Amino acid sequence: MSTSKKVQLEHIYQLLYLRFGKRKWWPADSPFEVVVGAVLTQNTAWINVEKAIANLKHADMLSPDKLYSQPVSNIARLIKPSGFYNQKAKHLKLMVDYLVKNYKGNTDAMCKKETKALRDELLSIKGIGNETADSILLYACNKPIFVVDSYTCRVLHRHGFINDYAQYDDIQQLFMDNLQHDAVMFNEYHALIVELAKNYCRTKPLCEQCPLSELPRYID
DNA sequence: GACCAGGCACATC
DNA sequence: GATGTGCATGGT
């Protein structure tokens with residue numbers, strides 16, 4: 001059973017890598033920019049996150065110290081294109097407060113913390129949920145943790161790899177239990193699934209041409 | 001004009 | 001513990 005999952009998950013990765021190649025994620029100039037992007041991208045198209053980040057850069061606000069000293073209202077104004085801006089401005093501020101107070105605003109210092117402990121810390125911040133925390137761990141800190149998102153659920157479910165009741169932790173365990181804990185590979189794998197879903201999981205006709213459709217299926 | 005986008009917190013049952 | 005709802009802009 002576990003061999004089967006391992007083989008299939010490795011097979012999918014090879015297939016997607018051959019089809020789409022390196023995805024060059026996360027598109028950011030610094031770990032802190034990843035942190036900001038991870039909050040802003042919540043239920044939001046990346047194109048709109050880019051606009052919000054561009055606004056922050058243009059205002060010279062894309063640093064922990066600068067954001068720390070700003071009122072929430074100013075941050076909200078700048079990140080408006082990413083949607084949910086009042087909520088996200090508060091959450092971003094809480095994240096920055098945490099970073100400044102615990103690590104002097106230094107993401108490298110934050111990333112030195114042991115993975116599980118850091119994950120728990122991040123999850124205790126209001127506005128940081130599973131996916132956001134794991135995105136920060138993987139894409140800002142290069143820690144080997146698998147990021148699950150709605151695309152991952154959609155793709156796995158549509159192809160019969162998970163059942164209706166699979167939760168975030170179940171899906172994350174599926175990957176973590178059956179693959180090498182390799183940050184570079186986890187980075188690529190998640191990005192490849194997103195690319196696959198964007199290309200093949202939006203409509204039914206597209207879905208039928210999905211590169212995964214020929215794979216054997218199983219349901220837990 | 002409806003629907004979705006690289007979620008999360010909170011209320012309610 | 002599961003499900004529903006608010007948050008909000010911008011592209012298709």
# chains A, B, ... in the order shown; residues from 1 in each chain; ligands from 1

call {"tool": "closest_atom_pairs", "arguments": {"of": "chain A", "to": "chain B", "cutoff": "9 Å", "atoms": "only C-alpha atoms (C1' of nucleotides)", "output": "JSON lines"}}
result
{"residue": "A:Ala38", "atom": "CA", "partner": "B:DG6", "partner_atom": "C1'", "distance": 8.5}
{"residue": "A:Val39", "atom": "CA", "partner": "B:DG7", "partner_atom": "C1'", "distance": 8.8}
{"residue": "A:Thr41", "atom": "CA", "partner": "B:DG6", "partner_atom": "C1'", "distance": 6.3}
{"residue": "A:Gln42", "atom": "CA", "partner": "B:DG7", "partner_atom": "C1'", "distance": 4.5}
{"residue": "A:Asn43", "atom": "CA", "partner": "B:DG7", "partner_atom": "C1'", "distance": 5.1}
{"residue": "A:Thr44", "atom": "CA", "partner": "B:DA5", "partner_atom": "C1'", "distance": 4.4}
{"residue": "A:Ala45", "atom": "CA", "partner": "B:DA5", "partner_atom": "C1'", "distance": 4.1}
{"residue": "A:Trp46", "atom": "CA", "partner": "B:DG6", "partner_atom": "C1'", "distance": 6.8}
{"residue": "A:Lys126", "atom": "CA", "partner": "B:DA9", "partner_atom": "C1'", "distance": 8.0}
{"residue": "A:Gly127", "atom": "CA", "partner": "B:DC8", "partner_atom": "C1'", "distance": 5.9}
{"residue": "A:Ile128", "atom": "CA", "partner": "B:DC8", "partner_atom": "C1'", "distance": 7.2}
{"residue": "A:Gly129", "atom": "CA", "partner": "B:DC8", "partner_atom": "C1'", "distance": 6.3}
{"residue": "A:Asn130", "atom": "CA", "partner": "B:DG7", "partner_atom": "C1'", "distance": 9.0}
{"residue": "A:Glu131", "atom": "CA", "partner": "B:DG7", "partner_atom": "C1'", "distance": 7.7}
{"residue": "A:Thr132", "atom": "CA", "partner": "B:DG7", "partner_atom": "C1'", "distance": 8.0}
{"residue": "A:Asp149", "atom": "CA", "partner": "B:DG6", "partner_atom": "C1'", "distance": 6.9}
{"residue": "A:Ser150", "atom": "CA", "partner": "B:DG6", "partner_atom": "C1'", "distance": 8.1}
{"residue": "A:Tyr151", "atom": "CA", "partner": "B:DG6", "partner_atom": "C1'", "distance": 8.0}
{"residue": "A:Ala191", "atom": "CA", "partner": "B:DG6", "partner_atom": "C1'", "distance": 8.9}
{"residue": "A:Val194", "atom": "CA", "partner": "B:DG6", "partner_atom": "C1'", "distance": 7.3}

call {"tool": "write_last_selection", "arguments": {"atoms": "C-alpha atoms", "output": "compact mmCIF listing (two decimals), in the first residue's frame"}}
result
# COMPACT_ATOMS: atom_id res chain seq x y z
CA ALA A 38 1.88 34.52 1.50
CA VAL A 39 -0.57 36.67 3.47
CA THR A 41 -2.38 35.74 -1.78
CA GLN A 42 -5.03 34.26 0.50
CA ASN A 43 -8.01 33.53 -1.77
CA THR A 44 -6.65 35.96 -4.31
CA ALA A 45 -5.24 35.71 -7.84
CA TRP A 46 -1.47 36.20 -7.85
CA LYS A 126 -4.14 35.54 13.73
CA GLY A 127 -4.47 35.43 9.96
CA ILE A 128 -1.84 32.73 9.48
CA GLY A 129 -3.42 29.35 8.73
CA ASN A 130 -1.99 26.05 7.54
CA GLU A 131 -1.25 26.98 3.97
CA THR A 132 0.17 30.40 4.78
CA ASP A 149 -3.71 24.33 -1.38
CA SER A 150 -7.14 24.19 -2.97
CA TYR A 151 -5.58 23.22 -6.31
CA ALA A 191 4.29 24.78 -8.02
CA VAL A 194 -0.68 24.70 -9.36

call {"tool": "residues_around", "arguments": {"residues": "Ala140 of chain A", "least_positions_apart": "2", "cutoff": "9 Å", "atoms": "only C-alpha atoms (C1' of nucleotides)", "output": "PDB file with C-alpha atoms, in the first residue's frame"}}
result
ATOM      1  CA  TRP A  26       8.394  31.670  -5.187  1.00  0.00           C
ATOM      2  CA  SER A  30      13.611  38.315  -0.465  1.00  0.00           C
ATOM      3  CA  PRO A  31      12.272  35.957   2.215  1.00  0.00           C
ATOM      4  CA  PHE A  32      10.338  38.863   3.710  1.00  0.00           C
ATOM      5  CA  GLU A  33       8.647  39.456   0.375  1.00  0.00           C
ATOM      6  CA  VAL A  34       7.574  35.778   0.458  1.00  0.00           C
ATOM      7  CA  VAL A  35       6.045  36.324   3.897  1.00  0.00           C
ATOM      8  CA  THR A 107      13.746  36.467   8.685  1.00  0.00           C
ATOM      9  CA  CYS A 111      14.084  30.525   9.951  1.00  0.00           C
ATOM     10  CA  SER A 135       4.278  28.556   2.393  1.00  0.00           C
ATOM     11  CA  ILE A 136       6.465  30.657   4.670  1.00  0.00           C
ATOM     12  CA  LEU A 137       8.302  27.593   5.976  1.00  0.00           C
ATOM     13  CA  LEU A 138       8.978  26.214   2.499  1.00  0.00           C
ATOM     14  CA  ASN A 142      13.587  26.501   2.554  1.00  0.00           C
ATOM     15  CA  LYS A 143      12.324  23.995   5.096  1.00  0.00           C
TER      16      LYS A 143
END

call {"tool": "closest_atom_pairs", "arguments": {"of": "chain C", "to": "chain A", "cutoff": "7 Å", "atoms": "only C-alpha atoms (C1' of nucleotides)", "output": "CSV"}}
result
residue,atom,partner,partner_atom,distance
C:DC7,C1',A:Phe84,CA,5.2
C:DA8,C1',A:Gly83,CA,4.7
C:DT9,C1',A:Gly83,CA,4.4

call {"tool": "write_last_selection", "arguments": {"atoms": "N, CA and C atoms (P, O5', C5', C4', C3', O3' and C1' of nucleotides)", "output": "PDB file, in the first residue's frame"}}
result
ATOM      1  P    DC C   7     -18.401  41.930   5.639  1.00  0.00           P
ATOM      2  O5'  DC C   7     -16.880  41.777   5.196  1.00  0.00           O
ATOM      3  C5'  DC C   7     -15.866  41.687   6.203  1.00  0.00           C
ATOM      4  C4'  DC C   7     -14.590  41.213   5.552  1.00  0.00           C
ATOM      5  C3'  DC C   7     -14.185  41.997   4.290  1.00  0.00           C
ATOM      6  O3'  DC C   7     -12.869  42.455   4.446  1.00  0.00           O
ATOM      7  C1'  DC C   7     -13.976  39.704   3.951  1.00  0.00           C
ATOM      8  P    DA C   8     -12.459  43.811   3.915  1.00  0.00           P
ATOM      9  O5'  DA C   8     -12.543  43.573   2.340  1.00  0.00           O
ATOM     10  C5'  DA C   8     -13.422  44.297   1.525  1.00  0.00           C
ATOM     11  C4'  DA C   8     -12.829  44.316   0.144  1.00  0.00           C
ATOM     12  C3'  DA C   8     -13.736  44.921  -0.907  1.00  0.00           C
ATOM     13  O3'  DA C   8     -12.896  45.491  -1.893  1.00  0.00           O
ATOM     14  C1'  DA C   8     -13.351  42.711  -1.468  1.00  0.00           C
ATOM     15  P    DT C   9     -13.450  46.581  -2.901  1.00  0.00           P
ATOM     16  O5'  DT C   9     -12.296  46.585  -3.998  1.00  0.00           O
ATOM     17  C5'  DT C   9     -10.924  46.499  -3.591  1.00  0.00           C
ATOM     18  C4'  DT C   9     -10.188  45.594  -4.555  1.00  0.00           C
ATOM     19  C3'  DT C   9     -10.394  45.972  -6.022  1.00  0.00           C
ATOM     20  O3'  DT C   9      -9.123  46.196  -6.592  1.00  0.00           O
ATOM     21  C1'  DT C   9     -10.739  43.635  -5.686  1.00  0.00           C
TER      22       DT C   9
END

call {"tool": "atom_distance", "arguments": {"atom1": "atom CA of His181 of chain A", "atom2": "atom CA of Pro144 of chain A"}}
result
5.3 Å

call {"tool": "select_by_dssp", "arguments": {"residues": "segment 155-187 of chain A", "states": "helix (DSSP H, G or I)", "output": "mmCIF file with C-alpha atoms, in the first residue's frame"}}
result
data_model
loop_
_atom_site.group_PDB
_atom_site.id
_atom_site.type_symbol
_atom_site.label_atom_id
_atom_site.label_comp_id
_atom_site.auth_asym_id
_atom_site.auth_seq_id
_atom_site.Cartn_x
_atom_site.Cartn_y
_atom_site.Cartn_z
ATOM 1 C CA VAL A 155 -6.384 17.701 -8.570
ATOM 2 C CA LEU A 156 -5.947 14.819 -6.113
ATOM 3 C CA HIS A 157 -9.669 14.472 -5.575
ATOM 4 C CA ARG A 158 -10.585 14.620 -9.244
ATOM 5 C CA TYR A 168 -5.277 19.552 5.136
ATOM 6 C CA ASP A 169 -3.140 17.478 7.484
ATOM 7 C CA ASP A 170 -4.170 14.201 5.807
ATOM 8 C CA ILE A 171 -3.118 15.456 2.390
ATOM 9 C CA GLN A 172 0.120 16.910 3.717
ATOM 10 C CA GLN A 173 0.901 13.576 5.395
ATOM 11 C CA LEU A 174 0.221 11.730 2.146
ATOM 12 C CA PHE A 175 3.130 13.581 0.552
ATOM 13 C CA MET A 176 5.380 13.786 3.614
ATOM 14 C CA ASP A 177 5.030 10.092 4.462
ATOM 15 C CA ASN A 178 5.759 8.902 0.952
ATOM 16 C CA ALA A 183 12.776 21.296 0.124
ATOM 17 C CA VAL A 184 13.782 21.795 -3.517
ATOM 18 C CA MET A 185 11.528 18.953 -4.666
ATOM 19 C CA PHE A 186 8.600 20.031 -2.430
ATOM 20 C CA ASN A 187 8.998 23.530 -3.810
#

call {"tool": "atom_distance", "arguments": {"atom1": "atom CA of Pro71 of chain A", "atom2": "atom CA of Leu56 of chain A"}}
result
13.7 Å

call {"tool": "residues_around", "arguments": {"residues": "Lys66 of chain A", "least_positions_apart": "6", "cutoff": "10 Å", "atoms": "only C-alpha atoms (C1' of nucleotides)", "output": "count of residues only"}}
result
3
